[in-house]
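S.K.: Contents of run06.cif (mmCIF, C-alpha atoms and all ligand atoms) are given next:
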data_start
loop_
_atom_site.label_atom_id
_atom_site.label_comp_id
_atom_site.auth_asym_id
_atom_site.auth_seq_id
_atom_site.Cartn_x
_atom_site.Cartn_y
_atom_site.Cartn_z
CA MET A 1 0.99 -17.57 -5.34
CA THR A 2 -0.22 -14.65 -7.42
CA ASP A 3 -2.59 -14.46 -10.36
CA ARG A 4 -0.94 -11.72 -12.41
CA VAL A 5 -0.83 -11.66 -16.20
CA VAL A 6 2.74 -11.27 -17.40
CA ALA A 7 3.89 -10.75 -21.00
CA LEU A 8 7.48 -11.80 -21.66
CA THR A 9 9.55 -11.55 -24.83
CA GLY A 10 12.18 -14.07 -25.93
CA ALA A 11 10.69 -16.95 -23.94
CA GLY A 12 11.85 -19.71 -26.27
CA ARG A 13 15.09 -20.51 -24.50
CA GLY A 14 17.71 -19.30 -22.03
CA LEU A 15 16.82 -16.80 -19.34
CA GLY A 16 13.36 -16.14 -20.82
CA LEU A 17 12.40 -19.82 -20.73
CA ILE A 18 13.59 -20.23 -17.13
CA THR A 19 11.76 -17.05 -16.07
CA THR A 20 8.60 -18.35 -17.74
CA ARG A 21 8.82 -21.57 -15.76
CA ILE A 22 9.28 -19.73 -12.46
CA LEU A 23 6.38 -17.35 -13.16
CA LEU A 24 4.11 -20.31 -13.98
CA ASP A 25 5.21 -22.14 -10.83
CA GLN A 26 4.30 -19.01 -8.84
CA GLY A 27 0.77 -19.12 -10.25
CA MET A 28 1.09 -16.30 -12.76
CA THR A 29 -0.39 -16.39 -16.25
CA VAL A 30 2.27 -15.87 -18.90
CA VAL A 31 1.86 -14.53 -22.42
CA ALA A 32 5.13 -15.73 -23.87
CA ASN A 33 6.63 -14.40 -27.08
CA HIS A 34 9.04 -16.59 -29.00
CA ARG A 35 10.67 -16.18 -32.40
CA SER A 36 11.91 -19.66 -33.32
CA PRO A 37 9.88 -22.82 -32.70
CA SER A 38 10.56 -23.86 -29.11
CA PRO A 39 9.81 -27.47 -28.13
CA ASP A 40 10.65 -26.55 -24.51
CA LEU A 41 7.96 -23.89 -24.46
CA VAL A 42 5.42 -26.20 -26.10
CA ARG A 43 6.15 -28.83 -23.42
CA ARG A 44 5.52 -26.15 -20.78
CA GLN A 45 2.23 -25.34 -22.42
CA ASP A 46 1.17 -28.98 -22.23
CA LYS A 47 1.74 -28.74 -18.48
CA HIS A 48 0.00 -25.35 -18.07
CA PRO A 49 -2.61 -25.21 -20.87
CA ASP A 50 -4.62 -22.41 -19.24
CA ALA A 51 -1.74 -20.37 -17.85
CA LEU A 52 0.72 -20.26 -20.74
CA HIS A 53 -0.21 -18.45 -23.96
CA LEU A 54 2.26 -18.44 -26.84
CA VAL A 55 2.63 -15.47 -29.17
CA PRO A 56 5.12 -16.12 -31.96
CA GLY A 57 6.82 -13.21 -33.67
CA ASP A 58 9.83 -10.97 -34.10
CA VAL A 59 9.93 -8.30 -31.38
CA GLY A 60 11.25 -5.79 -33.90
CA GLU A 61 7.89 -5.86 -35.69
CA GLU A 62 5.04 -3.78 -34.30
CA GLU A 63 2.48 -6.56 -34.97
CA THR A 64 4.24 -8.73 -32.39
CA ALA A 65 3.90 -6.06 -29.71
CA GLU A 66 0.26 -5.57 -30.63
CA ALA A 67 -0.40 -9.31 -30.51
CA LEU A 68 1.23 -9.63 -27.08
CA ALA A 69 -0.88 -6.84 -25.60
CA ARG A 70 -4.04 -8.09 -27.31
CA ARG A 71 -3.61 -11.60 -25.94
CA ALA A 72 -3.01 -10.27 -22.43
CA LYS A 73 -6.14 -8.16 -22.68
CA GLU A 74 -8.22 -11.16 -23.81
CA ILE A 75 -7.23 -13.12 -20.71
CA GLY A 76 -7.93 -10.41 -18.19
CA GLY A 77 -5.50 -7.53 -18.71
CA LEU A 78 -1.76 -6.98 -18.64
CA ASP A 79 -0.13 -6.46 -15.24
CA VAL A 80 3.54 -6.93 -16.08
CA LEU A 81 5.74 -6.68 -19.16
CA ILE A 82 9.20 -8.26 -19.20
CA CYS A 83 11.40 -7.22 -22.13
CA ASN A 84 13.91 -10.05 -22.26
CA ALA A 85 14.54 -10.80 -25.95
CA GLY A 86 18.06 -9.82 -26.88
CA ILE A 87 20.88 -10.45 -29.31
CA ALA A 88 24.56 -9.54 -29.50
CA LYS A 89 27.00 -9.22 -32.38
CA ASP A 90 30.29 -8.82 -30.56
CA GLN A 91 33.28 -7.42 -32.43
CA PRO A 92 35.72 -4.49 -32.33
CA LEU A 93 33.87 -1.25 -32.96
CA VAL A 94 36.17 -0.10 -35.77
CA THR A 95 35.24 -3.09 -37.96
CA THR A 96 31.56 -3.25 -37.04
CA PRO A 97 29.29 -3.01 -40.10
CA ALA A 98 26.44 -0.54 -39.71
CA ARG A 99 23.96 -3.33 -40.44
CA ASP A 100 25.06 -5.13 -37.24
CA TRP A 101 24.43 -1.93 -35.25
CA ASP A 102 20.99 -1.65 -36.85
CA GLU A 103 19.99 -5.24 -36.19
CA VAL A 104 21.10 -5.28 -32.53
CA HIS A 105 19.27 -2.02 -31.89
CA ARG A 106 16.23 -3.25 -33.81
CA VAL A 107 15.84 -6.26 -31.51
CA ASN A 108 17.16 -4.95 -28.18
CA LEU A 109 15.88 -1.38 -28.22
CA ARG A 110 13.18 -1.01 -30.87
CA GLY A 111 11.70 -4.32 -29.69
CA ALA A 112 11.49 -3.04 -26.10
CA PHE A 113 10.10 0.31 -27.25
CA LEU A 114 7.30 -1.35 -29.25
CA ALA A 115 6.38 -3.80 -26.48
CA THR A 116 6.35 -0.93 -23.98
CA LYS A 117 4.22 1.31 -26.19
CA HIS A 118 1.46 -1.26 -26.59
CA ALA A 119 1.65 -2.48 -23.00
CA LEU A 120 1.44 1.04 -21.62
CA ARG A 121 -1.83 1.83 -23.38
CA GLN A 122 -3.43 -1.04 -21.50
CA MET A 123 -1.67 -0.32 -18.22
CA MET A 124 -2.81 3.31 -18.32
CA ARG A 125 -6.43 2.23 -18.71
CA ARG A 126 -6.03 -0.29 -15.88
CA ARG A 127 -4.17 2.17 -13.66
CA TYR A 128 -1.57 -0.48 -12.87
CA GLY A 129 1.55 -1.74 -14.55
CA ARG A 130 5.06 -2.96 -14.00
CA ILE A 131 7.77 -3.18 -16.63
CA VAL A 132 11.07 -5.05 -16.26
CA TYR A 133 13.80 -4.53 -18.84
CA VAL A 134 16.55 -7.14 -19.05
CA SER A 135 19.72 -5.19 -19.71
CA SER A 136 23.33 -6.15 -19.05
CA LEU A 137 26.25 -5.09 -16.92
CA ALA A 138 27.84 -4.07 -20.23
CA ALA A 139 25.37 -1.16 -20.31
CA VAL A 140 26.57 0.07 -16.92
CA GLN A 141 30.33 -0.13 -17.41
CA GLY A 142 30.94 -1.07 -21.03
CA ASN A 143 32.78 -4.15 -22.22
CA PRO A 144 35.46 -4.42 -24.91
CA GLY A 145 33.97 -6.07 -28.00
CA GLN A 146 30.40 -5.23 -27.02
CA ALA A 147 30.04 -1.61 -28.13
CA ILE A 148 26.78 -2.04 -30.05
CA TYR A 149 25.30 -4.42 -27.49
CA ALA A 150 26.24 -2.15 -24.57
CA ALA A 151 24.84 0.91 -26.36
CA SER A 152 21.55 -0.85 -27.14
CA LYS A 153 21.18 -2.05 -23.55
CA ALA A 154 22.08 1.38 -22.15
CA GLY A 155 19.18 2.71 -24.21
CA LEU A 156 16.88 0.55 -22.08
CA HIS A 157 18.00 2.45 -18.97
CA GLY A 158 16.87 5.76 -20.44
CA LEU A 159 13.66 4.17 -21.66
CA SER A 160 12.89 2.66 -18.25
CA SER A 161 13.62 5.82 -16.31
CA THR A 162 11.47 7.90 -18.63
CA VAL A 163 8.59 5.41 -18.49
CA ALA A 164 8.73 5.49 -14.68
CA GLN A 165 8.42 9.27 -14.70
CA GLU A 166 6.05 9.74 -17.64
CA TYR A 167 3.56 7.03 -16.52
CA GLY A 168 4.06 7.02 -12.75
CA GLY A 169 0.80 8.95 -12.51
CA TYR A 170 -0.93 5.87 -13.93
CA ASN A 171 0.59 3.65 -11.26
CA VAL A 172 3.13 2.19 -13.67
CA ARG A 173 6.56 1.20 -12.29
CA SER A 174 9.60 0.44 -14.38
CA VAL A 175 12.89 -1.22 -13.49
CA VAL A 176 16.02 -2.54 -15.20
CA VAL A 177 17.80 -5.76 -14.31
CA ALA A 178 21.45 -5.78 -15.36
CA PRO A 179 22.88 -9.33 -15.21
CA GLY A 180 26.57 -10.06 -15.34
CA LEU A 181 27.84 -13.07 -17.23
CA LEU A 182 25.34 -15.97 -17.19
CA ASP A 183 25.51 -19.61 -18.14
CA THR A 184 22.90 -19.23 -20.91
CA GLY A 185 22.93 -18.25 -24.61
CA LEU A 186 24.59 -14.89 -24.94
CA GLY A 187 26.96 -15.54 -22.06
CA ALA A 188 27.85 -18.99 -23.29
CA ALA A 189 28.57 -17.54 -26.76
CA LEU A 190 31.15 -14.98 -25.55
CA ALA A 191 34.77 -15.38 -26.62
CA PRO A 192 36.50 -17.41 -23.84
CA GLU A 193 38.93 -14.60 -22.98
CA VAL A 194 36.11 -12.05 -22.68
CA ALA A 195 34.10 -14.47 -20.55
CA GLN A 196 37.06 -15.18 -18.29
CA ARG A 197 37.75 -11.46 -17.81
CA LYS A 198 34.19 -11.01 -16.59
CA ILE A 199 34.26 -14.08 -14.37
CA ASP A 200 37.52 -12.94 -12.79
CA ARG A 201 35.95 -9.63 -11.82
CA ALA A 202 32.80 -11.02 -10.21
CA LEU A 203 33.11 -11.91 -6.53
CA LEU A 204 30.68 -14.78 -7.09
CA GLY A 205 32.05 -15.93 -10.47
CA LEU A 206 29.80 -17.06 -13.32
CA GLY A 207 26.11 -16.35 -12.70
CA GLY A 208 23.36 -18.95 -12.91
CA ALA A 209 20.45 -17.89 -15.12
CA GLU A 210 18.17 -19.63 -12.60
CA GLY A 211 19.01 -17.07 -9.89
CA VAL A 212 18.63 -14.07 -12.20
CA ALA A 213 15.32 -15.46 -13.46
CA ALA A 214 14.15 -15.66 -9.84
CA THR A 215 15.11 -11.99 -9.40
CA ILE A 216 13.11 -11.06 -12.50
CA ALA A 217 10.13 -13.08 -11.23
CA PHE A 218 10.36 -11.29 -7.86
CA LEU A 219 10.31 -7.93 -9.65
CA ALA A 220 7.20 -9.08 -11.54
CA GLY A 221 5.38 -9.91 -8.32
CA PRO A 222 3.43 -7.76 -5.86
CA ASP A 223 6.18 -7.83 -3.21
CA ALA A 224 8.28 -5.58 -5.48
CA ASP A 225 5.63 -2.89 -5.82
CA TYR A 226 7.78 -0.24 -4.10
CA ILE A 227 10.77 -0.79 -6.38
CA ASN A 228 10.76 1.75 -9.18
CA ASN A 229 13.00 3.70 -11.57
CA THR A 230 16.19 1.89 -10.72
CA VAL A 231 18.77 -0.54 -12.06
CA ILE A 232 19.12 -3.82 -10.16
CA ARG A 233 22.54 -5.31 -10.79
CA ALA A 234 22.60 -9.11 -10.71
CA ASP A 235 26.29 -9.50 -11.42
CA GLY A 236 27.78 -11.47 -8.54
CA GLY A 237 29.41 -8.32 -7.15
CA LEU A 238 32.32 -6.71 -8.91
CA ALA A 239 35.72 -6.92 -7.25
CA TYR A 240 37.17 -3.87 -9.04
N1 LIG B 1 23.52 -14.74 -20.97
C1 LIG B 1 24.17 -13.71 -20.45
O1 LIG B 1 25.33 -13.82 -20.05
C2 LIG B 1 23.47 -12.38 -20.32
C3 LIG B 1 24.12 -11.40 -19.57
C4 LIG B 1 23.50 -10.16 -19.44
C5 LIG B 1 22.28 -9.94 -20.04
N2 LIG B 1 21.68 -10.92 -20.77
C6 LIG B 1 20.40 -10.62 -21.40
O2 LIG B 1 19.44 -11.57 -20.99
C7 LIG B 1 18.48 -11.76 -22.04
C8 LIG B 1 18.35 -13.24 -22.33
O3 LIG B 1 19.62 -13.74 -22.71
P1 LIG B 1 19.93 -15.31 -22.82
O4 LIG B 1 21.22 -15.54 -22.18
O5 LIG B 1 18.75 -16.09 -22.38
O6 LIG B 1 20.14 -15.44 -24.40
P2 LIG B 1 19.57 -16.53 -25.43
O7 LIG B 1 19.60 -17.89 -24.84
O8 LIG B 1 20.30 -16.25 -26.69
O9 LIG B 1 18.04 -16.10 -25.57
C9 LIG B 1 17.66 -14.95 -26.22
C10 LIG B 1 16.20 -15.07 -26.54
O10 LIG B 1 15.78 -13.88 -27.26
C11 LIG B 1 15.06 -14.31 -28.40
N3 LIG B 1 15.12 -13.38 -29.51
C12 LIG B 1 16.20 -12.94 -30.19
N4 LIG B 1 15.85 -12.13 -31.17
C13 LIG B 1 14.50 -12.06 -31.15
C14 LIG B 1 13.54 -11.38 -31.93
N5 LIG B 1 13.89 -10.59 -32.96
N6 LIG B 1 12.22 -11.53 -31.62
C15 LIG B 1 11.84 -12.33 -30.59
N7 LIG B 1 12.72 -13.00 -29.81
C16 LIG B 1 14.02 -12.86 -30.09
C17 LIG B 1 15.70 -15.62 -28.81
O11 LIG B 1 14.85 -16.33 -29.67
P3 LIG B 1 15.43 -17.40 -30.73
O12 LIG B 1 15.43 -18.69 -29.97
O13 LIG B 1 14.45 -17.36 -31.85
O14 LIG B 1 16.80 -16.94 -31.14
C18 LIG B 1 15.90 -16.27 -27.43
O15 LIG B 1 14.73 -16.92 -27.00
C19 LIG B 1 18.99 -10.94 -23.23
O16 LIG B 1 18.30 -9.71 -23.30
C20 LIG B 1 20.44 -10.72 -22.90
O17 LIG B 1 20.94 -9.54 -23.50
C21 LIG B 1 22.25 -12.15 -20.91
#
What is this structure when it is put down as structure tokens?

M.R.:
Amino acid sequence: MTDRVVALTGAGRGLGLITTRILLDQGMTVVANHRSPSPDLVRRQDKHPDALHLVPGDVGEEETAEALARRAKEIGGLDVLICNAGIAKDQPLVTTPARDWDEVHRVNLRGAFLATKHALRQMMRRRYGRIVYVSSLAAVQGNPGQAIYAASKAGLHGLSSTVAQEYGGYNVRSVVVAPGLLDTGLGAALAPEVAQRKIDRALLGLGGAEGVAATIAFLAGPDADYINNTVIRADGGLAY
């Protein structure tokens, strides 16, 4: 059990919701951002009225990042930020409208940048911080049909590595988790042939979001304090 304060984006459903549940079960206090109304999250709050704090808002807007950091400060100070909110608009690159590029980058990359910026100010003052970026295997090796998604997620790797170096002197660590195909939202929405191609290449097949959420929760906890500036692949092991 640990009493850390963790801010997490995109907690309304999927991987973010499962991670929230695990963090709460481990005794952490969670400041959970959600965009749409989430009955699941509200039910969680009924169960953990003191430990779960909801911050609605679009991660692409700076006010959301400010509100997340402010709420964490009010309840004792931010220890961990998990940038999980993400979207995809999969299609062949040659027919991708520029507005789809902009929107995916606005949520996946600008959202993480803003959350990081406002979290870091607090972490620097506190001389402690840990940031976990939820990326994707697509960022590591690309994936046909996912050019804009892969590019936006790859941006997180540069962001994370730079944060680790620029703020290491303030005792801030930063890591990326790159899941393979999961059984939640974005994974479930992939075209069947794209999904099957990924499943065929993973030694362990389709990933369970539950297991990846547990990895993220581990990285948020004190036992992961010596893990820094790296990409943790949670992809079931690639066969080729
Ligand atoms: N599922 C996979 O196979 C897979 C594989 C690799 C990486 N990932 C990554 O894992 C993370 C979670 O994915 P998932 O499978 O849980 O997907 P999901 O079920 O679609 O959940 C995505 C979450 O992000 C939130 N979100 C989207 N845009 C937002 C915005 N502008 N502001 C605030 N929140 C926003 C969504 O909120 P709403 O409910 O309002 O839409 C939702 O709660 C993503 O970053 C994804 O890229 C997933």

S.K.: One number please: atom N5 of ligand LIG 1 (chain B) to CA of Glu193 in chain A, in Å, one decimal.

M.R.: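 That distance, rounded to one decimal, is 27.3 Å.
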
S.K.: Env of Ala195 in chain A: 12 Å cut, atoms = all atoms listed in the file, seq-sep filter 3 positions within chain, self excluded. Answer as a list in words.

M.R.: Asn143, Pro144, Gly145, Gln146, Gly180, Leu181, Leu182, Asp183, Leu186, Gly187, Ala188, Ala189, Leu190, Ala191, Pro192, Lys198, Ile199, Asp200, Arg201, Ala202, Gly205, Leu206 and Gly207 of chain A

S.K.: Report the centre and edge lengths, in Å to one decimal, of an axis-aligned box enclosing every atom of range 106-124 of chain A listed in the file, padded by 6 Å on each side, as AutoDock Vina command-line options.

M.R.:
--center_x 6.9 --center_y -1.5 --center_z -26.0 --size_x 32.6 --size_y 21.6 --size_z 27.6

S.K.: Just checking: using only C-alpha atoms and all ligand atoms, which residue out of A:Asp235, A:Glu166, A:Glu66, A:Asp58 ends up closest to ligand LIG 1 (chain B)?

M.R.: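 Using only C-alpha atoms and all ligand atoms, the shortest distance to ligand LIG 1 (chain B) belongs to A:Asp58.
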
S.K.: Quick one: residues within 9 Å of Ser160 in chain A, all atoms listed in the file, excluding same-chain residues fewer than 3 positions away - as a ChimeraX atom specification?

M.R.: /A:131-133,155-157,163-165,173-176,229-230

S.K.: Only C-alpha atoms, please: the residues just picked out, written as an mmCIF file, in the coordinates of the input.

M.R.:
data_model
loop_
_atom_site.group_PDB
_atom_site.id
_atom_site.type_symbol
_atom_site.label_atom_id
_atom_site.label_comp_id
_atom_site.auth_asym_id
_atom_site.auth_seq_id
_atom_site.Cartn_x
_atom_site.Cartn_y
_atom_site.Cartn_z
ATOM 1 C CA ILE A 131 7.770 -3.180 -16.630
ATOM 2 C CA VAL A 132 11.070 -5.050 -16.260
ATOM 3 C CA TYR A 133 13.800 -4.530 -18.840
ATOM 4 C CA GLY A 155 19.180 2.710 -24.210
ATOM 5 C CA LEU A 156 16.880 0.550 -22.080
ATOM 6 C CA HIS A 157 18.000 2.450 -18.970
ATOM 7 C CA VAL A 163 8.590 5.410 -18.490
ATOM 8 C CA ALA A 164 8.730 5.490 -14.680
ATOM 9 C CA GLN A 165 8.420 9.270 -14.700
ATOM 10 C CA ARG A 173 6.560 1.200 -12.290
ATOM 11 C CA SER A 174 9.600 0.440 -14.380
ATOM 12 C CA VAL A 175 12.890 -1.220 -13.490
ATOM 13 C CA VAL A 176 16.020 -2.540 -15.200
ATOM 14 C CA ASN A 229 13.000 3.700 -11.570
ATOM 15 C CA THR A 230 16.190 1.890 -10.720
#

S.K.: Can you tell me how far CA of Ala214 in chain A sits from atom O16 of ligand LIG 1 (chain B), in Å to one decimal?

M.R.: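 These atoms are spaced 15.3 Å apart.
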
S.K.: Calculated over all atoms listed in the file, which of the candidates A:Ala150, A:Leu52, A:Ala138, A:Val177 has the smallest distance to Asp25 in chain A?

M.R.: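 Going through A:Ala150, A:Leu52, A:Ala138, A:Val177 one by one, the smallest distance to Asp25 in chain A is for A:Leu52.
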
S.K.: Which residues are near ligand LIG 1 (chain B) in this structure, taking near to mean any atom at most 6 Å from a ligand atom and counting all atoms listed in the file? Format them as a ChimeraX atom specification.

M.R.: /A:10-16,34-36,57-60,84-87,107,134-136,179-187

S.K.: Smallest atom-to-atom distance to Thr116 in chain A: which of A:Asp46, A:Gly158, A:Ala69, A:Gly169, using only C-alpha atoms?

M.R.: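 When distances to Thr116 in chain A are compared using only C-alpha atoms, the smallest one comes from A:Ala69.
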